[in-house]
Amino acid sequence: MQEISLNILDLAQNSISAGATLIEISVEENLDEDILTVTIKDNGSGMSPDQLCAVTDPFYTTRTTRKVGLGVPFFKMAAEMSGGSFEIDSKIGLGTYVCGAFGLTNIDRMPIGDVNSTVATLVYCNPELDFVYKRSRGVRSFNFDTREARAVLGDVPLNANEVILWIKEFLSEGEKEVAGG
Amino acid sequence: MKTLAELAEIRDKMQSKINIRENSGDSIRVVVGMATCGIAAGARPVLNCLVEEVSKREVKNVMVTQTGCIGICQYEPVVEVYEPGKEKVTYVKMTAEKAVRIVNDHLVNGNVVNEYTIGAVAK
């Protein structure tokens, strides 16, 4: 993976496979402490303590087509390589929480990449699920919550062409506001 | 400034069109592999491109969606096309440019792009 945004897309897929109906993603830059925090939280089926221990093992996977599961190990490696840390917690029946802390200015931190594209792709492919995306840098932040959009849209699906276009523009404006300066 | 009020306008506009597109029986499904292997190989731009091209050409009865690991990771990004009554077509080593061609040749005109299929690529 070359960008953190791709890791986010990948981990969100896990949440979706776990039957989550609400997935909360956050990308927050703390300039004072030089930390970039990326979290993915879901209300899916969760994992048992044994699974939780095994999930960071690249040779542990629930899929049947291959013997490796690299998503979580890759994300953990990326965080630790940049001088950061990784945390994952899960409870059966409640959901899973993944948190990667990256050294913001560390030369070995991979680029954040296009998180907006990741969020738009997730919404487009899973219009029946809810996503909350929080993006912040220092004191500036913006939120996108599909539940708010859904409340306004009523029956119109979230992946209707014009809606997706609106979402992309909304995310793009938000990113400019947050990351500008 | 994008506002939720604009979403309300979109809703009003769309409701007056009464589109009943819900999974009609002859719907073509285009499935993009989006597991770790697919994403690392570049599936996101392929999916975005498929969605944009389908929207631009206003191709009807096509649903673009995603799936997990298909099992042929070395050939990712993989795009499978399911058309009722026809054999599944598996396109491998996809790129955004190839996606454009697939929409135009296969989805619009009905001609499978053989050189991008797994049959042609896997010797």
# chains A, B, ... in the order shown; residues from 1 in each chain; ligands from 1

$ interface_residues --of "chain A" --to "chain B" --cutoff "10 Å" --atoms "only C-alpha atoms" --output "ChimeraX atom specification"
/A:1-3,6-7,9-11,13-14,17,63-66,69-72,74,117-118,120-122,124-126,148-157,160-163,166-167,169-174

$ write_last_selection --atoms "N, CA and C atoms" --output "short mmCIF file (atom, residue, chain, number, x, y, z; two decimals), in the first residue's frame"
data_model
loop_
_atom_site.label_atom_id
_atom_site.label_comp_id
_atom_site.auth_asym_id
_atom_site.auth_seq_id
_atom_site.Cartn_x
_atom_site.Cartn_y
_atom_site.Cartn_z
N MET A 1 0.84 -1.20 0.00
CA MET A 1 0.00 0.00 0.00
C MET A 1 0.87 1.25 0.00
N GLN A 2 0.58 2.14 -0.86
CA GLN A 2 1.43 3.32 -0.90
C GLN A 2 0.86 4.50 -0.13
N GLU A 3 -0.41 4.43 0.22
CA GLU A 3 -1.04 5.56 0.90
C GLU A 3 -1.85 5.07 2.08
N LEU A 6 -5.44 4.10 1.33
CA LEU A 6 -5.73 2.76 0.82
C LEU A 6 -5.85 1.76 1.97
N ASN A 7 -5.04 1.97 3.01
CA ASN A 7 -5.16 1.12 4.20
C ASN A 7 -6.53 1.30 4.83
N LEU A 9 -9.30 2.16 3.29
CA LEU A 9 -10.27 1.47 2.44
C LEU A 9 -10.27 -0.01 2.75
N ASP A 10 -9.07 -0.55 2.89
CA ASP A 10 -8.92 -1.97 3.17
C ASP A 10 -9.52 -2.37 4.51
N LEU A 11 -9.20 -1.62 5.56
CA LEU A 11 -9.70 -1.96 6.89
C LEU A 11 -11.21 -1.78 6.96
N GLN A 13 -13.24 -2.41 4.65
CA GLN A 13 -13.81 -3.62 4.05
C GLN A 13 -13.99 -4.71 5.11
N ASN A 14 -13.02 -4.78 6.03
CA ASN A 14 -13.14 -5.77 7.11
C ASN A 14 -14.38 -5.49 7.94
N SER A 17 -17.38 -6.62 6.06
CA SER A 17 -17.52 -8.08 6.12
C SER A 17 -18.02 -8.54 7.47
N ARG A 63 -10.42 -15.58 5.48
CA ARG A 63 -10.85 -15.90 4.13
C ARG A 63 -10.33 -17.28 3.75
N THR A 64 -10.99 -17.87 2.77
CA THR A 64 -10.67 -19.25 2.43
C THR A 64 -9.87 -19.36 1.14
N THR A 65 -9.71 -18.22 0.45
CA THR A 65 -9.04 -18.29 -0.85
C THR A 65 -7.51 -18.24 -0.73
N ARG A 66 -7.02 -17.75 0.38
CA ARG A 66 -5.57 -17.62 0.56
C ARG A 66 -5.23 -17.83 2.02
N GLY A 69 -3.45 -12.91 5.58
CA GLY A 69 -4.32 -11.75 5.74
C GLY A 69 -3.43 -10.58 6.08
N LEU A 70 -3.18 -9.74 5.08
CA LEU A 70 -2.15 -8.72 5.26
C LEU A 70 -2.64 -7.35 5.67
N GLY A 71 -3.92 -7.10 5.55
CA GLY A 71 -4.44 -5.76 5.79
C GLY A 71 -4.04 -5.15 7.12
N VAL A 72 -4.39 -5.86 8.22
CA VAL A 72 -4.08 -5.33 9.55
C VAL A 72 -2.57 -5.29 9.79
N PHE A 74 -0.19 -4.88 7.69
CA PHE A 74 0.39 -3.79 6.91
C PHE A 74 0.18 -2.45 7.59
N SER A 117 -11.38 10.07 -1.68
CA SER A 117 -11.72 9.05 -2.68
C SER A 117 -12.11 7.75 -2.00
N THR A 118 -11.40 7.44 -0.92
CA THR A 118 -11.73 6.22 -0.17
C THR A 118 -13.14 6.33 0.40
N ALA A 120 -15.65 8.27 -0.58
CA ALA A 120 -16.65 8.29 -1.65
C ALA A 120 -16.86 6.88 -2.20
N THR A 121 -15.76 6.13 -2.37
CA THR A 121 -15.87 4.76 -2.88
C THR A 121 -16.66 3.89 -1.92
N LEU A 122 -16.38 4.05 -0.61
CA LEU A 122 -17.09 3.25 0.39
C LEU A 122 -18.59 3.55 0.36
N TYR A 124 -20.32 4.85 -2.14
CA TYR A 124 -20.89 4.42 -3.42
C TYR A 124 -21.20 2.93 -3.43
N CYS A 125 -20.26 2.13 -2.92
CA CYS A 125 -20.44 0.67 -2.97
C CYS A 125 -21.34 0.13 -1.88
N ASN A 126 -21.55 0.90 -0.85
CA ASN A 126 -22.36 0.43 0.28
C ASN A 126 -23.38 1.46 0.70
N GLU A 148 -26.83 12.12 8.26
CA GLU A 148 -27.42 13.45 8.02
C GLU A 148 -27.90 13.57 6.58
N ALA A 149 -27.07 13.07 5.66
CA ALA A 149 -27.44 13.14 4.25
C ALA A 149 -28.69 12.30 4.01
N ARG A 150 -28.72 11.12 4.62
CA ARG A 150 -29.86 10.22 4.44
C ARG A 150 -31.14 10.86 4.94
N ALA A 151 -31.04 11.57 6.06
CA ALA A 151 -32.23 12.20 6.63
C ALA A 151 -32.85 13.19 5.64
N VAL A 152 -31.99 13.90 4.92
CA VAL A 152 -32.49 14.87 3.94
C VAL A 152 -32.99 14.18 2.68
N LEU A 153 -32.24 13.14 2.25
CA LEU A 153 -32.54 12.51 0.96
C LEU A 153 -33.78 11.64 0.95
N GLY A 154 -34.17 11.13 2.11
CA GLY A 154 -35.34 10.26 2.14
C GLY A 154 -35.10 8.99 1.33
N ASP A 155 -35.91 8.81 0.29
CA ASP A 155 -35.80 7.58 -0.50
C ASP A 155 -34.67 7.58 -1.51
N VAL A 156 -34.17 8.73 -1.83
CA VAL A 156 -33.13 8.79 -2.86
C VAL A 156 -31.86 8.11 -2.33
N PRO A 157 -31.34 7.13 -3.07
CA PRO A 157 -30.19 6.39 -2.57
C PRO A 157 -28.92 7.24 -2.56
N ALA A 160 -26.81 7.60 -5.82
CA ALA A 160 -27.34 8.23 -7.04
C ALA A 160 -26.25 9.17 -7.54
N ASN A 161 -26.12 9.25 -8.87
CA ASN A 161 -25.03 10.05 -9.46
C ASN A 161 -24.87 11.44 -8.87
N GLU A 162 -25.97 12.16 -8.79
CA GLU A 162 -25.85 13.54 -8.32
C GLU A 162 -25.49 13.62 -6.84
N VAL A 163 -25.95 12.62 -6.10
CA VAL A 163 -25.63 12.62 -4.68
C VAL A 163 -24.14 12.37 -4.47
N TRP A 166 -22.24 15.39 -5.18
CA TRP A 166 -22.35 16.34 -4.07
C TRP A 166 -21.39 15.93 -2.95
N ILE A 167 -21.40 14.62 -2.64
CA ILE A 167 -20.55 14.12 -1.56
C ILE A 167 -19.08 14.40 -1.88
N GLU A 169 -17.82 16.70 -3.75
CA GLU A 169 -17.52 18.13 -3.66
C GLU A 169 -17.50 18.59 -2.21
N PHE A 170 -18.43 18.05 -1.42
CA PHE A 170 -18.47 18.40 0.01
C PHE A 170 -17.16 18.01 0.68
N LEU A 171 -16.71 16.79 0.40
CA LEU A 171 -15.47 16.29 1.00
C LEU A 171 -14.28 17.14 0.55
N SER A 172 -14.30 17.48 -0.73
CA SER A 172 -13.19 18.25 -1.29
C SER A 172 -13.10 19.64 -0.65
N GLU A 173 -14.25 20.27 -0.46
CA GLU A 173 -14.27 21.58 0.19
C GLU A 173 -13.78 21.47 1.61
N GLY A 174 -14.25 20.43 2.30
CA GLY A 174 -13.86 20.23 3.68
C GLY A 174 -12.35 20.07 3.81
#

$ select_by_dssp --residues "chain A" --states "alpha helix (DSSP H)" --output "PyMOL selection string"
chain A and resi 4-17+49-54+71-81+115-125+146-153+161-179

$ select_by_dssp --residues "range 8-120 of chain A" --states "strand (DSSP E or B)" --output "PDB file with N, CA and C atoms, in the first residue's frame"
ATOM      1  N   LEU A  22     -22.514   0.786  10.937  1.00  0.00           N
ATOM      2  CA  LEU A  22     -21.996   2.131  11.136  1.00  0.00           C
ATOM      3  C   LEU A  22     -20.478   2.041  11.239  1.00  0.00           C
ATOM      4  N   ILE A  23     -19.806   2.759  10.354  1.00  0.00           N
ATOM      5  CA  ILE A  23     -18.340   2.734  10.364  1.00  0.00           C
ATOM      6  C   ILE A  23     -17.836   4.157  10.512  1.00  0.00           C
ATOM      7  N   GLU A  24     -17.054   4.376  11.565  1.00  0.00           N
ATOM      8  CA  GLU A  24     -16.560   5.728  11.833  1.00  0.00           C
ATOM      9  C   GLU A  24     -15.068   5.807  11.556  1.00  0.00           C
ATOM     10  N   ILE A  25     -14.726   6.714  10.659  1.00  0.00           N
ATOM     11  CA  ILE A  25     -13.330   6.860  10.256  1.00  0.00           C
ATOM     12  C   ILE A  25     -12.849   8.240  10.652  1.00  0.00           C
ATOM     13  N   SER A  26     -11.646   8.307  11.202  1.00  0.00           N
ATOM     14  CA  SER A  26     -11.137   9.645  11.496  1.00  0.00           C
ATOM     15  C   SER A  26      -9.672   9.742  11.095  1.00  0.00           C
ATOM     16  N   VAL A  27      -9.308  10.921  10.601  1.00  0.00           N
ATOM     17  CA  VAL A  27      -7.927  11.203  10.231  1.00  0.00           C
ATOM     18  C   VAL A  27      -7.610  12.537  10.869  1.00  0.00           C
ATOM     19  N   GLU A  28      -6.783  12.507  11.910  1.00  0.00           N
ATOM     20  CA  GLU A  28      -6.560  13.740  12.668  1.00  0.00           C
ATOM     21  C   GLU A  28      -5.089  14.052  12.835  1.00  0.00           C
ATOM     22  N   GLU A  29      -4.733  15.283  12.472  1.00  0.00           N
ATOM     23  CA  GLU A  29      -3.342  15.699  12.598  1.00  0.00           C
ATOM     24  C   GLU A  29      -3.183  16.577  13.837  1.00  0.00           C
ATOM     25  N   ASN A  30      -2.331  16.136  14.739  1.00  0.00           N
ATOM     26  CA  ASN A  30      -2.060  16.926  15.928  1.00  0.00           C
ATOM     27  C   ASN A  30      -0.686  17.566  15.725  1.00  0.00           C
ATOM     28  N   ILE A  35       1.687  14.147  15.784  1.00  0.00           N
ATOM     29  CA  ILE A  35       1.108  12.810  15.608  1.00  0.00           C
ATOM     30  C   ILE A  35      -0.054  12.864  14.615  1.00  0.00           C
ATOM     31  N   LEU A  36      -0.101  11.855  13.741  1.00  0.00           N
ATOM     32  CA  LEU A  36      -1.236  11.699  12.838  1.00  0.00           C
ATOM     33  C   LEU A  36      -1.992  10.466  13.326  1.00  0.00           C
ATOM     34  N   THR A  37      -3.258  10.643  13.683  1.00  0.00           N
ATOM     35  CA  THR A  37      -4.014   9.507  14.202  1.00  0.00           C
ATOM     36  C   THR A  37      -5.083   9.100  13.203  1.00  0.00           C
ATOM     37  N   VAL A  38      -5.105   7.817  12.894  1.00  0.00           N
ATOM     38  CA  VAL A  38      -6.103   7.291  11.956  1.00  0.00           C
ATOM     39  C   VAL A  38      -6.887   6.205  12.681  1.00  0.00           C
ATOM     40  N   THR A  39      -8.196   6.369  12.777  1.00  0.00           N
ATOM     41  CA  THR A  39      -8.982   5.348  13.481  1.00  0.00           C
ATOM     42  C   THR A  39     -10.126   4.863  12.608  1.00  0.00           C
ATOM     43  N   ILE A  40     -10.450   3.583  12.799  1.00  0.00           N
ATOM     44  CA  ILE A  40     -11.607   3.001  12.116  1.00  0.00           C
ATOM     45  C   ILE A  40     -12.376   2.231  13.169  1.00  0.00           C
ATOM     46  N   LYS A  41     -13.614   2.642  13.374  1.00  0.00           N
ATOM     47  CA  LYS A  41     -14.392   1.991  14.430  1.00  0.00           C
ATOM     48  C   LYS A  41     -15.677   1.469  13.810  1.00  0.00           C
ATOM     49  N   ASP A  42     -16.055   0.255  14.157  1.00  0.00           N
ATOM     50  CA  ASP A  42     -17.290  -0.277  13.577  1.00  0.00           C
ATOM     51  C   ASP A  42     -18.156  -0.972  14.620  1.00  0.00           C
ATOM     52  N   SER A  85       2.456   4.096  16.721  1.00  0.00           N
ATOM     53  CA  SER A  85       2.008   2.906  17.441  1.00  0.00           C
ATOM     54  C   SER A  85       0.694   2.428  16.859  1.00  0.00           C
ATOM     55  N   PHE A  86       0.310   1.230  17.265  1.00  0.00           N
ATOM     56  CA  PHE A  86      -0.901   0.618  16.727  1.00  0.00           C
ATOM     57  C   PHE A  86      -1.695   0.010  17.857  1.00  0.00           C
ATOM     58  N   GLU A  87      -3.019   0.130  17.749  1.00  0.00           N
ATOM     59  CA  GLU A  87      -3.857  -0.418  18.800  1.00  0.00           C
ATOM     60  C   GLU A  87      -5.095  -1.008  18.152  1.00  0.00           C
ATOM     61  N   ILE A  88      -5.515  -2.160  18.633  1.00  0.00           N
ATOM     62  CA  ILE A  88      -6.762  -2.720  18.112  1.00  0.00           C
ATOM     63  C   ILE A  88      -7.519  -3.333  19.269  1.00  0.00           C
ATOM     64  N   ASP A  89      -8.828  -3.095  19.293  1.00  0.00           N
ATOM     65  CA  ASP A  89      -9.643  -3.654  20.359  1.00  0.00           C
ATOM     66  C   ASP A  89     -10.948  -4.152  19.757  1.00  0.00           C
ATOM     67  N   SER A  90     -11.487  -5.180  20.355  1.00  0.00           N
ATOM     68  CA  SER A  90     -12.715  -5.731  19.783  1.00  0.00           C
ATOM     69  C   SER A  90     -13.501  -6.503  20.817  1.00  0.00           C
ATOM     70  N   LYS A  91     -14.833  -6.472  20.704  1.00  0.00           N
ATOM     71  CA  LYS A  91     -15.680  -7.278  21.604  1.00  0.00           C
ATOM     72  C   LYS A  91     -16.739  -7.936  20.734  1.00  0.00           C
ATOM     73  N   GLY A  95     -18.260  -4.822  18.307  1.00  0.00           N
ATOM     74  CA  GLY A  95     -17.546  -4.227  17.185  1.00  0.00           C
ATOM     75  C   GLY A  95     -16.054  -4.169  17.399  1.00  0.00           C
ATOM     76  N   THR A  96     -15.406  -3.481  16.482  1.00  0.00           N
ATOM     77  CA  THR A  96     -13.945  -3.408  16.512  1.00  0.00           C
ATOM     78  C   THR A  96     -13.472  -1.972  16.375  1.00  0.00           C
ATOM     79  N   TYR A  97     -12.340  -1.695  17.004  1.00  0.00           N
ATOM     80  CA  TYR A  97     -11.739  -0.364  16.943  1.00  0.00           C
ATOM     81  C   TYR A  97     -10.268  -0.520  16.585  1.00  0.00           C
ATOM     82  N   VAL A  98      -9.870   0.138  15.515  1.00  0.00           N
ATOM     83  CA  VAL A  98      -8.471   0.071  15.083  1.00  0.00           C
ATOM     84  C   VAL A  98      -7.909   1.480  15.119  1.00  0.00           C
ATOM     85  N   CYS A  99      -6.722   1.643  15.703  1.00  0.00           N
ATOM     86  CA  CYS A  99      -6.149   2.980  15.774  1.00  0.00           C
ATOM     87  C   CYS A  99      -4.673   2.930  15.429  1.00  0.00           C
ATOM     88  N   GLY A 100      -4.270   3.709  14.442  1.00  0.00           N
ATOM     89  CA  GLY A 100      -2.860   3.797  14.090  1.00  0.00           C
ATOM     90  C   GLY A 100      -2.385   5.213  14.345  1.00  0.00           C
ATOM     91  N   ALA A 101      -1.291   5.340  15.107  1.00  0.00           N
ATOM     92  CA  ALA A 101      -0.726   6.664  15.339  1.00  0.00           C
ATOM     93  C   ALA A 101       0.568   6.730  14.549  1.00  0.00           C
ATOM     94  N   PHE A 102       0.705   7.765  13.734  1.00  0.00           N
ATOM     95  CA  PHE A 102       1.887   7.906  12.878  1.00  0.00           C
ATOM     96  C   PHE A 102       2.664   9.153  13.266  1.00  0.00           C
ATOM     97  N   GLY A 103       3.994   9.093  13.074  1.00  0.00           N
ATOM     98  CA  GLY A 103       4.807  10.284  13.307  1.00  0.00           C
ATOM     99  C   GLY A 103       4.493  11.248  12.163  1.00  0.00           C
TER     100      GLY A 103
END

$ atom_distance --atom1 "CA of Ala79 in chain A" --atom2 "CA of Arg135 in chain A"
18.1 Å

$ residues_around --residues "Gly44 in chain A" --least-positions-apart "5" --cutoff "6 Å" --atoms "only C-alpha atoms" --output "VMD selection string"
chain A and resid 18 to 20 95

$ write_last_selection --atoms "N, CA and C atoms" --output "PDB file, in the first residue's frame"
ATOM      1  N   ALA A  18     -17.717  -7.759   8.509  1.00  0.00           N
ATOM      2  CA  ALA A  18     -18.151  -8.141   9.850  1.00  0.00           C
ATOM      3  C   ALA A  18     -19.585  -7.718  10.093  1.00  0.00           C
ATOM      4  N   GLY A  19     -20.248  -7.237   9.054  1.00  0.00           N
ATOM      5  CA  GLY A  19     -21.650  -6.901   9.196  1.00  0.00           C
ATOM      6  C   GLY A  19     -21.918  -5.582   9.884  1.00  0.00           C
ATOM      7  N   ALA A  20     -20.956  -4.678   9.845  1.00  0.00           N
ATOM      8  CA  ALA A  20     -21.170  -3.387  10.506  1.00  0.00           C
ATOM      9  C   ALA A  20     -22.219  -2.574   9.767  1.00  0.00           C
ATOM     10  N   GLY A  95     -18.260  -4.822  18.307  1.00  0.00           N
ATOM     11  CA  GLY A  95     -17.546  -4.227  17.185  1.00  0.00           C
ATOM     12  C   GLY A  95     -16.054  -4.169  17.399  1.00  0.00           C
TER      13      GLY A  95
END

$ closest_residue --among "B:Arg29, B:Arg101, B:Lys13, B:His106" --to "Val62 in chain B" --atoms "only C-alpha atoms"
B:Arg29

$ atom_distance --atom1 "CA of Gly46 in chain A" --atom2 "CA of Leu94 in chain A"
5.9 Å

$ atom_distance --atom1 "CA of Lys168 in chain A" --atom2 "CA of Thr146 in chain A"
12.5 Å
